[in-house]
Amino acid sequence: MSSHRGALADFLRTVHALQITDPGHAAQVAALLGLGRPPEATLVSPVISSTRAAVAASDAATATARQVNDIEPRPVTSAGSAGPGQSAEPAKEQPVAVARQVAGEEQASLARSRVPDRAIRVSVTRTSGASAGLRGEQSPGPNAAGWVGGVAAQGVQSYVAPWQRQWASGIMLASTATMQPARTLDMASAVRRIAKGEVIRRLPLGRRLTVRLGIQLLIDHAEAMSPFAADRAWLAELAQHVVGQDQVEIVRFRSIPEVVAVGPPPRLISYPPPMPGLPVVVISDLGLIGNRFGSAARVLAWWEIFLNRLSTINPITVISPFPKAVYPASVRRCALIVPLDHRLTMREVLNSASRLRGRFRA
Amino acid sequence: MTYRKVFDPASEPARPTLGAFPGDDLVYVFDNERMVLAVNVALQTGRPLLVFGPPGSGKSTLGPNIARILGWNSRTEVITARTEPEDLLWRFDALRRLNDAQAGALKPEMDAYFSRGVLWEAFADPQGFVAIIDEIDKADPDVPNGLLKPLGTLSFETPWGQTVSASTGRSPLVVITTNDERQLSGPFLRRCITIRVGHPTTKHLLKVAECHLGEHYDRSLALRVAAELEQAGRDAPQRPSTAEFLDTLVACIKLEINADAAEWELLRDVALLKRRGSDDLSR
């Protein structure tokens with residue numbers, strides 16, 4: 001299950017990076033990543049299952065047409081209606097003979113998984129319950145308890161971290177640290193001012209990178225992020241190790257942090273604005289997966305506004321499954337985007353942070 | 001356990017009579033042979049002794065008591081989020097130097113403007129020194145990482161090029177404590193001798209009470225308070241500490257409150273349970 005979950009995350013990244021919109025190509029990518037014939041129970045969506053039941057119970061020809069529509073490489077649901085945010089293209093007309101032939105093959109292989117045909121739907125199908133998380137993460141339920149309990153359970157056996165293990169702490173440090181006044185004298189500045197004959201009323205102090213302010217950690221539990229559930233738990237744990245357990249305020253949300261879960265004790269509240277200057281770290285795709293797969297297109301726009309407002313008083317880091325290039329310039333200008341990428345180094349993050357956060361220097 | 005102990009709590013020199021309620025730096029119950037061995041290993045290898053454990057388990061008082069038994073000097077540096085790596089080596093008084101410069105009274109020796117940090121004192125003391133670096137997990141990760149070289153070589157270089165190093169005959173003992181709130185780096189851990197102090201057993205608590213209270217020791221009262229402590233540990237995630245156990249006992253003795261008194265529950269709530277249980281301090 002663990003390697004499967006990792007492959008699912010890789011699949012999402014690949015489909016997004018290669019801009020794949022054709023389910024046929026997506027199915028090939030899924031097969032290359034070893035997602036070709038997964039256990040039906042975990043990968044086939046309830047929609048597909050219910051369709052199969054309908055097929056078995058109804059007239060063969062009618063069912064055939066439905067099945068053909070269902071496996072067409074078009075973003076159309078099994079019922080023939082467009083999914084949320086999907087384009088409602090008209091179904092192609094199928095010759096009856098071809099349809100019957102396909103129907104026969106379908107009936108014969110009813111027990112076989114058709115996941116390659118429906119790879120995109122699979123990617124947004126949230127696995128829940130006992131199989132929900134690589135690291136034993138609980139299924140995010142409708143209440144705060146389901147969210148807050150998320151990171152608690154651990155026990156991964158073959159988890160592959162999204163960053164190189166030996167650099168992970170450094171990357172997290174670079175992502176969460178801010179430049180703050182140190183106690184050491186900024187000698188160059190002092191000498192310059194004395195040489196000019198200025199009256200020194202305040203000693204110019206140097207600055208140092210520190211996590212002493214702590215962080216507010218926003219964790220996205222949207223269904224689109226479920227392939228990254230293990231990464232999410234790992235990142236939260238890493239942040240606590242690097243910043244300090246009592247210095248990390250964990251806030252959980254789904255898609256957008258309007259109503260959030262905090263605790264323990266777990267409770268749902270409106271988003272608590274952080275103290276001015278407190279770094280905010282968001283673990284989310286900012287709605288990108290949802291957009292890609294036909295979900296709410298407004299999510300990213302909402303994030304743009306939110307991040308722009310928040311960034312005026314708080315440094316923001318977004319840890320995303322995707323590279324920063326896929327985000328709009330307005331997001332990149334106000335938030336440090338740190339991708340879940342094995343090739344990432346601490347120096348890259350530090351350089352990006354220093355470029356972005358120069359304006360936070362007093 | 002038989003080996004040649006450099007540090008042996010049993011060989012503690014005779015002390016002047018302790019007061020009725022001696023401080024924590026005067027009494028320490030070394031009933032853990034593993035701990036004694038760890039101290040001896042740290043002394044022999046010249047490596048720092050890194051002590052893990054929950055708050056109130058006696059980590060901070062371990063160092064001063066080792067120093068007392070060895071007859072060495074000691075100094076404690078409590079780490080905060082604002083501690084910087086150099087603070088443990090030196091502190092530069094830039095303001096004083098600036099003042100002197102503007103007054104035309106600048107001293108030629110740079111070390112006149114540097115105050116010694118805890119490690120400088122430890123390395124420079126030929127008579128033996130116990131340096132206690134308390135709660136290192138409160139600091140930024142660069143603080144322990146900045147200590148890798150000084151702790152590895154028992155030497156460091158001052159900003160004006162002078163080398164401060166421990167004498168070859170007698171290495172100082174550096175005792176570092178952590179509540180494990182922040183992960184320490186692998187290289188740092190590799191340089192340390194590590195020991196974990198767990199929650200005290202009832203037997204240990206009674207010994208601590210006996211050593212601290214002397215003639216005031218009341219076994220039945222100590223057992224009662226220890227039972228309350230155990231119960232609180234089961235009911236709440238944060239168990240009362242040994243220090244709180246002792247405070248409760250001392251309060252009971254000084255205020256002449258026993259376990260049957262009407263005020264017992266209130267005293268227990270304010271001194272032992274505090275905010276862990278269902279206490280209501282306003283009642």
# chains A, B, ... in the order shown; residues from 1 in each chain; ligands from 1
>>> closest_atom_pairs(of="chain B", to="chain A", cutoff="7 Å", atoms="only C-alpha atoms", output="JSON lines")
{"residue": "B:Ala81", "atom": "CA", "partner": "A:Arg212", "partner_atom": "CA", "distance": 5.3}
{"residue": "B:Ala94", "atom": "CA", "partner": "A:Leu185", "partner_atom": "CA", "distance": 6.8}
{"residue": "B:Asp140", "atom": "CA", "partner": "A:Thr210", "partner_atom": "CA", "distance": 6.2}
{"residue": "B:Glu181", "atom": "CA", "partner": "A:Gly244", "partner_atom": "CA", "distance": 5.4}
{"residue": "B:Arg182", "atom": "CA", "partner": "A:Gly244", "partner_atom": "CA", "distance": 4.7}
{"residue": "B:Gln183", "atom": "CA", "partner": "A:His241", "partner_atom": "CA", "distance": 4.9}
>>> closest_residue(among="A:Phe228, A:Thr178, A:Gly277, A:Glu258", to="Ser354 (chain A)", atoms="only C-alpha atoms")
A:Thr178
>>> residues_around(residues="region 316-325 of chain A", least_positions_apart="2", cutoff="6 Å", atoms="only C-alpha atoms", output="number ranges by chain")
A: 279-285, 327, 335-340
>>> select_by_dssp(residues="region 148-221 of chain B", states="alpha helix (DSSP H)", output="NGL selection string")
:B and (148-153 or 186-190 or 202-213 or 219-221)
>>> residues_around(residues="region 184-189 of chain B", least_positions_apart="6", cutoff="9 Å", atoms="only C-alpha atoms", output="ChimeraX atom specification")
/A:169,241-242 /B:50,136-137,141,144-145,147-148
>>> closest_residue(among="B:Val27, B:Gln44, B:Lys149, B:Pro159", to="Phe92 (chain B)", atoms="only C-alpha atoms")
B:Pro159
